[in-house]
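A.B. asks: Next comes the structure file model16.cif, holding mmCIF, C-alpha atoms.
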```
data_start
#
loop_
_atom_site.label_atom_id
_atom_site.label_comp_id
_atom_site.auth_asym_id
_atom_site.auth_seq_id
_atom_site.Cartn_x
_atom_site.Cartn_y
_atom_site.Cartn_z
CA MET A 3 0.00 0.00 0.00
CA SER A 4 1.54 3.37 -0.95
CA SER A 5 1.75 6.26 1.50
CA PRO A 6 -0.81 9.08 1.19
CA ARG A 7 1.95 11.47 0.11
CA SER A 8 3.15 9.32 -2.76
CA THR A 9 -0.44 8.59 -3.87
CA GLU A 10 -1.21 12.31 -3.86
CA LYS A 11 1.87 13.09 -5.94
CA ALA A 12 0.99 10.34 -8.40
CA SER A 13 -2.56 11.66 -8.72
CA ALA A 14 -1.40 15.20 -9.47
CA ALA A 15 0.75 13.76 -12.24
CA LEU A 16 -2.19 11.74 -13.53
CA PHE A 17 -4.47 14.72 -13.90
CA ALA A 18 -1.74 16.96 -15.34
CA ALA A 19 -1.02 14.26 -17.93
CA LEU A 20 -4.69 14.11 -18.93
CA GLY A 21 -4.93 17.90 -19.17
CA ASP A 22 -3.33 18.02 -22.62
CA GLU A 23 -5.48 17.51 -25.73
CA THR A 24 -2.92 15.51 -27.71
CA ARG A 25 -2.29 13.22 -24.75
CA LEU A 26 -6.01 12.82 -24.24
CA ARG A 27 -6.25 11.73 -27.92
CA ILE A 28 -3.46 9.20 -27.41
CA VAL A 29 -5.22 7.92 -24.30
CA MET A 30 -8.49 7.57 -26.25
CA ARG A 31 -6.74 5.48 -28.94
CA LEU A 32 -5.12 3.25 -26.32
CA ALA A 33 -8.42 2.97 -24.42
CA GLN A 34 -9.77 0.86 -27.27
CA GLY A 35 -7.79 -1.93 -25.65
CA GLU A 36 -5.14 -2.82 -28.21
CA SER A 37 -1.48 -2.09 -27.46
CA LEU A 38 0.02 0.08 -30.19
CA SER A 39 3.47 1.05 -31.50
CA ILE A 40 4.63 4.66 -31.78
CA THR A 41 4.28 4.42 -35.58
CA GLU A 42 0.69 3.25 -35.24
CA LEU A 43 -0.13 6.01 -32.74
CA ALA A 44 1.43 8.71 -34.95
CA SER A 45 -0.32 7.61 -38.15
CA GLY A 46 -3.73 9.17 -38.52
CA ALA A 47 -3.24 11.43 -35.52
CA GLY A 48 -1.44 14.11 -37.54
CA ILE A 49 1.49 14.27 -35.12
CA THR A 50 5.12 13.24 -35.51
CA ARG A 51 6.66 10.12 -34.01
CA GLN A 52 8.86 12.40 -31.89
CA ALA A 53 5.81 14.18 -30.46
CA VAL A 54 4.08 10.87 -29.75
CA THR A 55 7.23 9.60 -28.00
CA LYS A 56 7.38 12.74 -25.84
CA HIS A 57 3.72 12.47 -24.83
CA LEU A 58 4.01 8.74 -24.13
CA HIS A 59 6.83 9.45 -21.72
CA VAL A 60 4.67 11.96 -19.83
CA LEU A 61 1.87 9.36 -19.68
CA ALA A 62 4.35 6.73 -18.53
CA GLY A 63 5.64 9.10 -15.83
CA ALA A 64 2.07 9.50 -14.54
CA GLY A 65 1.61 5.73 -14.53
CA ILE A 66 -1.15 5.93 -17.16
CA ALA A 67 0.65 4.10 -19.97
CA HIS A 68 3.48 1.66 -20.15
CA GLY A 69 5.57 0.29 -22.99
CA SER A 70 6.82 -3.25 -23.45
CA ARG A 71 9.19 -4.51 -26.11
CA SER A 72 7.73 -6.91 -28.62
CA GLY A 73 10.05 -7.80 -31.48
CA ARG A 74 11.84 -4.74 -32.84
CA GLU A 75 9.27 -2.27 -31.54
CA ARG A 76 7.94 -1.13 -28.21
CA HIS A 77 4.18 -1.49 -27.77
CA TRP A 78 2.21 0.84 -25.55
CA SER A 79 -0.92 0.19 -23.50
CA LEU A 80 -2.94 1.85 -20.72
CA ASP A 81 -2.88 1.15 -17.03
CA ARG A 82 -6.61 0.92 -16.43
CA ARG A 83 -6.48 1.19 -12.66
CA ARG A 84 -4.96 4.66 -12.83
CA MET A 85 -7.65 5.77 -15.24
CA GLU A 86 -10.30 4.58 -12.83
CA GLN A 87 -9.23 7.27 -10.37
CA ALA A 88 -10.25 9.99 -12.83
CA ARG A 89 -13.44 8.10 -13.67
CA ALA A 90 -14.46 7.83 -10.02
CA PHE A 91 -14.84 11.61 -9.77
CA LEU A 92 -16.84 11.89 -12.99
CA ASP A 93 -19.07 9.02 -11.89
CA ARG A 94 -19.97 10.90 -8.72
CA ILE A 95 -20.90 14.01 -10.73
CA SER A 96 -22.92 11.87 -13.16
CA VAL A 97 -24.98 10.43 -10.32
CA GLN A 98 -25.70 13.97 -9.08
CA TRP A 99 -27.02 14.89 -12.57
CA ASP A 100 -29.17 11.75 -12.69
CA ASP A 101 -30.72 12.76 -9.36
CA ALA A 102 -31.28 16.36 -10.46
CA LEU A 103 -32.94 15.32 -13.74
CA ALA A 104 -35.16 12.83 -11.90
CA ARG A 105 -36.30 15.63 -9.56
CA LEU A 106 -36.94 18.01 -12.49
CA LYS A 107 -39.05 15.28 -14.16
CA ALA A 108 -40.94 14.62 -10.92
CA VAL A 109 -41.67 18.32 -10.35
CA VAL A 110 -43.00 18.87 -13.89
CA GLU A 111 -44.87 15.59 -14.37
CA GLY A 112 -46.16 15.36 -10.81
CA GLU A 113 -47.88 18.69 -11.25
CA LEU A 114 -49.44 17.62 -14.59
CA SER A 115 -50.97 14.47 -13.13
CA ASP A 116 -52.57 16.35 -10.22
CA MET B 27 -14.14 2.32 -19.77
CA ALA B 28 -14.33 4.94 -22.51
CA ALA B 29 -11.59 7.53 -22.17
CA SER B 30 -13.61 9.88 -24.39
CA GLN B 31 -15.87 10.35 -21.36
CA LEU B 32 -13.01 11.68 -19.26
CA ASN B 33 -13.72 15.28 -20.25
CA LYS B 34 -17.50 15.25 -20.63
CA ILE B 35 -20.68 14.13 -18.87
CA GLU B 36 -23.93 13.84 -20.84
CA ARG B 37 -27.34 12.85 -19.49
CA LYS B 38 -30.80 12.87 -21.11
CA THR B 39 -34.34 12.45 -19.88
CA LEU B 40 -37.77 12.56 -21.53
CA ILE B 41 -40.29 14.68 -19.64
CA ARG B 42 -43.96 14.24 -20.45
CA ALA B 43 -44.80 17.95 -20.72
CA PRO B 44 -44.62 20.67 -23.39
CA ARG B 45 -41.33 22.45 -23.97
CA SER B 46 -42.68 25.75 -22.61
CA ARG B 47 -43.58 24.08 -19.30
CA VAL B 48 -40.17 22.36 -18.95
CA TRP B 49 -38.44 25.65 -19.77
CA ARG B 50 -40.29 27.39 -16.95
CA ALA B 51 -39.36 24.68 -14.45
CA LEU B 52 -35.75 24.88 -15.60
CA THR B 53 -35.22 28.62 -15.61
CA THR B 54 -37.54 30.45 -13.24
CA VAL B 55 -35.80 30.88 -9.89
CA PRO B 56 -38.51 29.48 -7.54
CA GLU B 57 -39.04 26.38 -9.70
CA PHE B 58 -35.33 25.82 -10.26
CA CYS B 59 -34.82 25.93 -6.50
CA LYS B 60 -37.55 23.31 -6.05
CA TRP B 61 -35.96 20.54 -8.17
CA PHE B 62 -32.38 21.62 -7.59
CA SER B 63 -33.05 21.59 -3.80
CA ALA B 64 -31.50 25.00 -3.25
CA GLN B 65 -32.21 28.53 -2.07
CA THR B 66 -31.04 31.82 -3.54
CA GLY B 67 -31.62 35.54 -3.20
CA ALA B 68 -31.28 36.00 -6.98
CA ALA B 69 -34.35 37.35 -8.79
CA ALA B 70 -33.74 35.80 -12.22
CA PHE B 71 -31.26 33.83 -14.30
CA GLU B 72 -29.83 36.23 -16.87
CA PRO B 73 -26.66 36.03 -19.00
CA GLY B 74 -23.66 37.49 -17.19
CA VAL B 75 -25.24 37.27 -13.75
CA ARG B 76 -23.52 35.45 -10.89
CA VAL B 77 -25.98 33.46 -8.78
CA ASP B 78 -25.24 32.30 -5.25
CA LEU B 79 -27.06 29.12 -4.21
CA VAL B 80 -27.27 27.26 -0.92
CA SER B 81 -28.27 23.64 -1.05
CA THR B 82 -31.33 22.88 1.09
CA TYR B 83 -30.38 19.34 1.70
CA GLU B 84 -27.43 18.68 3.88
CA GLY B 85 -24.17 17.16 2.70
CA ASP B 86 -22.38 14.11 4.01
CA ASN B 87 -21.24 15.87 7.17
CA CYS B 88 -24.52 17.75 7.70
CA GLU B 89 -22.89 20.86 6.29
CA LYS B 90 -24.71 23.18 3.92
CA GLN B 91 -23.30 23.04 0.40
CA THR B 92 -22.99 26.23 -1.62
CA PHE B 93 -22.80 26.81 -5.38
CA LEU B 94 -21.84 29.78 -7.52
CA MET B 95 -23.36 29.83 -10.99
CA ASP B 96 -22.07 32.23 -13.66
CA ILE B 97 -24.97 32.32 -16.10
CA VAL B 98 -23.78 32.11 -19.72
CA ASP B 99 -26.79 31.61 -22.04
CA VAL B 100 -30.53 31.90 -21.61
CA VAL B 101 -32.17 31.18 -25.00
CA PRO B 102 -35.90 30.74 -24.35
CA GLU B 103 -37.13 27.16 -24.71
CA HIS B 104 -33.80 26.08 -26.20
CA ARG B 105 -30.70 26.50 -24.08
CA PHE B 106 -29.77 27.40 -20.50
CA SER B 107 -26.10 27.28 -19.53
CA TRP B 108 -23.75 28.32 -16.74
CA ARG B 109 -20.20 27.90 -15.50
CA TRP B 110 -19.45 26.61 -12.03
CA HIS B 111 -17.18 24.55 -9.86
CA PRO B 112 -18.54 21.00 -9.98
CA GLY B 113 -18.94 18.75 -6.99
CA SER B 114 -19.74 19.77 -3.48
CA ARG B 115 -17.98 22.39 -1.46
CA LYS B 116 -18.15 23.90 1.98
CA PRO B 117 -19.46 27.47 2.40
CA ASP B 118 -16.05 28.87 3.42
CA GLU B 119 -14.05 27.14 0.68
CA ASP B 120 -12.44 29.57 -1.79
CA LEU B 121 -12.45 28.12 -5.30
CA SER B 122 -11.77 31.33 -7.21
CA ALA B 123 -8.40 30.06 -8.48
CA GLU B 124 -9.89 26.83 -9.83
CA PRO B 125 -11.03 26.34 -13.44
CA MET B 126 -14.80 26.05 -13.95
CA THR B 127 -16.82 23.58 -15.99
CA LEU B 128 -19.64 24.51 -18.38
CA VAL B 129 -23.13 23.08 -17.80
CA GLU B 130 -25.52 23.25 -20.77
CA PHE B 131 -29.18 22.28 -20.65
CA SER B 132 -30.93 21.96 -24.00
CA LEU B 133 -34.56 21.20 -24.80
CA GLU B 134 -36.02 19.55 -27.92
CA ASP B 135 -39.51 18.43 -28.85
CA ALA B 136 -39.81 14.66 -28.72
CA GLU B 137 -42.60 12.14 -29.11
CA GLY B 138 -44.70 12.32 -25.96
CA GLY B 139 -43.01 15.37 -24.49
CA THR B 140 -39.69 17.18 -24.24
CA LEU B 141 -36.21 15.71 -24.40
CA VAL B 142 -33.92 17.36 -21.83
CA THR B 143 -30.17 17.00 -22.30
CA VAL B 144 -27.56 18.15 -19.81
CA VAL B 145 -23.91 18.23 -20.86
CA GLU B 146 -21.07 19.22 -18.53
CA THR B 147 -17.66 19.85 -20.14
CA GLY B 148 -14.24 21.24 -19.20
CA PHE B 149 -13.11 18.53 -16.79
CA GLU B 150 -9.75 18.26 -18.54
CA ARG B 151 -8.85 21.76 -17.33
CA LEU B 152 -9.84 20.76 -13.83
CA PHE B 153 -7.77 17.61 -14.05
CA ALA B 154 -4.80 19.62 -15.31
CA ASP B 155 -4.91 22.01 -12.36
CA ARG B 156 -2.70 20.65 -9.61
CA ARG B 157 -4.37 22.82 -6.97
CA SER B 158 -7.73 21.40 -7.93
CA ARG B 159 -9.77 20.14 -5.02
CA VAL B 160 -11.22 17.63 -7.46
CA PHE B 161 -8.23 15.39 -7.22
CA LYS B 162 -8.02 15.97 -3.49
CA GLN B 163 -11.65 14.82 -3.06
CA ASN B 164 -10.94 11.99 -5.40
CA GLU B 165 -7.83 11.14 -3.48
CA GLU B 166 -9.80 11.08 -0.24
CA GLY B 167 -12.33 8.76 -1.86
CA TRP B 168 -9.54 6.61 -3.19
CA ALA B 169 -7.73 6.51 0.17
CA PHE B 170 -11.03 5.58 1.83
CA GLN B 171 -11.56 2.69 -0.60
CA MET B 172 -8.01 1.52 0.00
CA ALA B 173 -8.50 1.68 3.76
CA SER B 174 -11.71 -0.36 3.62
CA LEU B 175 -10.05 -2.90 1.36
CA GLU B 176 -7.19 -3.19 3.83
CA ARG B 177 -9.63 -3.69 6.71
CA TYR B 178 -11.52 -6.28 4.71
CA LEU B 179 -8.35 -8.22 3.94
CA GLN B 180 -7.05 -8.23 7.51
#
```
Please go through the file and, once you have read it, give me the structure as structure tokens.
C.D. replies:
Amino acid sequence: MSSPRSTEKASAALFAALGDETRLRIVMRLAQGESLSITELASGAGITRQAVTKHLHVLAGAGIAHGSRSGRERHWSLDRRRMEQARAFLDRISVQWDDALARLKAVVEGELSD
Amino acid sequence: MAASQLNKIERKTLIRAPRSRVWRALTTVPEFCKWFSAQTGAAAFEPGVRVDLVSTYEGDNCEKQTFLMDIVDVVPEHRFSWRWHPGSRKPDEDLSAEPMTLVEFSLEDAEGGTLVTVVETGFERLFADRRSRVFKQNEEGWAFQMASLERYLQ
């Protein structure tokens, strides 16, 4: 179990890493589940291999992505558990919106059925 | 888990009432306060106005929650939007340095009533801000989960 201080530091890095649009795009590609090479990540994304490499290292530093060598190339994939930390917050907000919409519906429809 | 959802929340509901009726419930202060469970001294929601709200139901620690809404758009029967700091906060907490998210309600005619969509965006800015209380709250939640897991395993 990691200490609160190291967890807090890791979390700050996680959110900073996700705060960049290009990195978010890379994360979205990797979130489809397949591990991908730098060439595959660069193609179609309109960014250079060098830029992809730089961003992957930031993601790796935040513990979001990791690379493993397969053959001549390194393949990159996501660490899902780290991503769940960001999701947990959004899930809480989503539940609050579900509740609010249910109350709005109840207020409007309740009055109509009176 | 879809990473595309990391910067956006979208929810929809069909309300069995005409659009004009839903619009009134959504944007007139007394009715808004009814379904949002809040109180405010504000007279009306108008673009550019900052609205101070106090939640009328009590938070986890029986503390009143407060909200600040910066009203962006009020387009009758179509769109109502504001910026704010998402999540709960204590009355004395100063969030002025934190980025805000954008909440947009939109209404469309649908079979049997009105389709209400709420979209909240801008979380990536929040996640990028190291001072953000969002990750602190999240961290507390995470630490709590870890602690209960530890207890469970012992």
A.B. asks: Find, counting only C-alpha atoms, the residue in A:Ile40, A:Gly112, A:Lys56, A:Arg105 that gets nearest to chain B.
C.D. replies: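 Smallest separation from chain B among the options: A:Arg105.
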A.B. asks: Could you state the separation of CA of Gly69 in chain A and CA of Gly48 in chain A in Å, given to one decimal place?
C.D. replies: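 Computing it gives 21.3 Å between the two atoms.
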A.B. asks: Emit as JSON the padded axis-aligned box for all listed atoms of range 62-81 of chain B, 4 Å per side, with centre and edge lengths in Å to one decimal.
C.D. replies:
```
{"center_x": -28.9, "center_y": 29.5, "center_z": -10.0, "size_x": 18.8, "size_y": 23.9, "size_z": 26.1}
```
A.B. asks: What gap, in Å, lies between CA of Val97 in chain A and CA of Leu133 in chain B?
C.D. replies: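 Result for CA of Val97 in chain A versus CA of Leu133 in chain B: 20.4 Å, one decimal.
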A.B. asks: Expressed in Å to a single decimal, how great is the separation between CA of His104 in chain B and CA of Ala51 in chain B?
C.D. replies: 13.1 Å
A.B. asks: Using only C-alpha atoms, determine which residues lie at most 12 Å from Trp78 in chain A, disregarding the query and same-chain residues fewer than 2 positions distant; provide the list as JSON, numbers by chain.
C.D. replies: {"A": [28, 29, 31, 32, 33, 35, 36, 37, 38, 39, 40, 41, 42, 43, 54, 55, 57, 58, 59, 61, 62, 66, 67, 68, 69, 70, 71, 72, 75, 76, 80, 81]}
A.B. asks: Take the residues just selected and output them with C-alpha atoms as a PDB file, in the frame of the given file.
C.D. replies:
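Now in part00.pdb:
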```
ATOM      1  CA  ILE A  28      -3.460   9.200 -27.410  1.00  0.00           C
ATOM      2  CA  VAL A  29      -5.220   7.920 -24.300  1.00  0.00           C
ATOM      3  CA  ARG A  31      -6.740   5.480 -28.940  1.00  0.00           C
ATOM      4  CA  LEU A  32      -5.120   3.250 -26.320  1.00  0.00           C
ATOM      5  CA  ALA A  33      -8.420   2.970 -24.420  1.00  0.00           C
ATOM      6  CA  GLY A  35      -7.790  -1.930 -25.650  1.00  0.00           C
ATOM      7  CA  GLU A  36      -5.140  -2.820 -28.210  1.00  0.00           C
ATOM      8  CA  SER A  37      -1.480  -2.090 -27.460  1.00  0.00           C
ATOM      9  CA  LEU A  38       0.020   0.080 -30.190  1.00  0.00           C
ATOM     10  CA  SER A  39       3.470   1.050 -31.500  1.00  0.00           C
ATOM     11  CA  ILE A  40       4.630   4.660 -31.780  1.00  0.00           C
ATOM     12  CA  THR A  41       4.280   4.420 -35.580  1.00  0.00           C
ATOM     13  CA  GLU A  42       0.690   3.250 -35.240  1.00  0.00           C
ATOM     14  CA  LEU A  43      -0.130   6.010 -32.740  1.00  0.00           C
ATOM     15  CA  VAL A  54       4.080  10.870 -29.750  1.00  0.00           C
ATOM     16  CA  THR A  55       7.230   9.600 -28.000  1.00  0.00           C
ATOM     17  CA  HIS A  57       3.720  12.470 -24.830  1.00  0.00           C
ATOM     18  CA  LEU A  58       4.010   8.740 -24.130  1.00  0.00           C
ATOM     19  CA  HIS A  59       6.830   9.450 -21.720  1.00  0.00           C
ATOM     20  CA  LEU A  61       1.870   9.360 -19.680  1.00  0.00           C
ATOM     21  CA  ALA A  62       4.350   6.730 -18.530  1.00  0.00           C
ATOM     22  CA  ILE A  66      -1.150   5.930 -17.160  1.00  0.00           C
ATOM     23  CA  ALA A  67       0.650   4.100 -19.970  1.00  0.00           C
ATOM     24  CA  HIS A  68       3.480   1.660 -20.150  1.00  0.00           C
ATOM     25  CA  GLY A  69       5.570   0.290 -22.990  1.00  0.00           C
ATOM     26  CA  SER A  70       6.820  -3.250 -23.450  1.00  0.00           C
ATOM     27  CA  ARG A  71       9.190  -4.510 -26.110  1.00  0.00           C
ATOM     28  CA  SER A  72       7.730  -6.910 -28.620  1.00  0.00           C
ATOM     29  CA  GLU A  75       9.270  -2.270 -31.540  1.00  0.00           C
ATOM     30  CA  ARG A  76       7.940  -1.130 -28.210  1.00  0.00           C
ATOM     31  CA  LEU A  80      -2.940   1.850 -20.720  1.00  0.00           C
ATOM     32  CA  ASP A  81      -2.880   1.150 -17.030  1.00  0.00           C
TER      33      ASP A  81
END
```
A.B. asks: Using all atoms listed in the file for the distances, tell me which of A:Arg25, A:Arg89, A:Arg74, A:Arg51 is nearest to chain B.
C.D. replies: A:Arg89
A.B. asks: Evaluate the PyMOL selection byres ((chain B and resi 54) around 12) against this structure - the residues, as a PyMOL selection string, please.
C.D. replies: chain B and resi 46-53+55-62+66+68-72+100+102-103+106
A.B. asks: For a quick check of understanding, using only C-alpha atoms, which of A:Ser45, A:Arg82, A:Gly21, A:Arg94 has the smallest distance to chain B?
C.D. replies: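 Looking at the shortest contact to chain B, the residue is A:Gly21.
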A.B. asks: Show which residues sit within 7 Å of Leu40 in chain B, as a list of chain:residue names. Count all atoms listed in the file, and ignore same-chain residues fewer than 3 positions away.
C.D. replies: B:Gly139, B:Thr140, B:Leu141, B:Val142
A.B. asks: Expanded to explicit residues, what is the PyMOL selection byres ((chain B and resi 81) around 6) for this file, as a list in words?
C.D. replies: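 Applying the PyMOL selection byres ((chain B and resi 81) around 6) to the structure shown produces Ser63, Ala64, Val80, Thr82, Tyr83, Gln91 and Thr92 of chain B.
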A.B. asks: From the options B:Asp135, B:Thr127, B:Lys90, B:Ser122, which residue's atoms come nearest to chain A, counting only C-alpha atoms?
C.D. replies: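 So, comparing all the options, the nearest one is B:Thr127.
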A.B. asks: For the PyMOL selection byres ((chain B and resi 74) around 12), applied here, can you spell out every residue it catches as a VMD selection string?
C.D. replies: chain B and resid 70 to 73 75 to 77 95 to 100 107 to 109
A.B. asks: Looking at B:Val129, B:Ala123, B:Arg42, B:Gly148, which one is nearest to Glu23 in chain A, with distances taken over only C-alpha atoms?
C.D. replies: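 The closest residue to Glu23 in chain A is B:Gly148.
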A.B. asks: Using all atoms listed in the file, which of the listed residues (B:Pro125, B:Gly138, B:Pro112, B:Gly67) sits closest to chain A?
C.D. replies: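 So, comparing all the options, the nearest one is B:Pro112.
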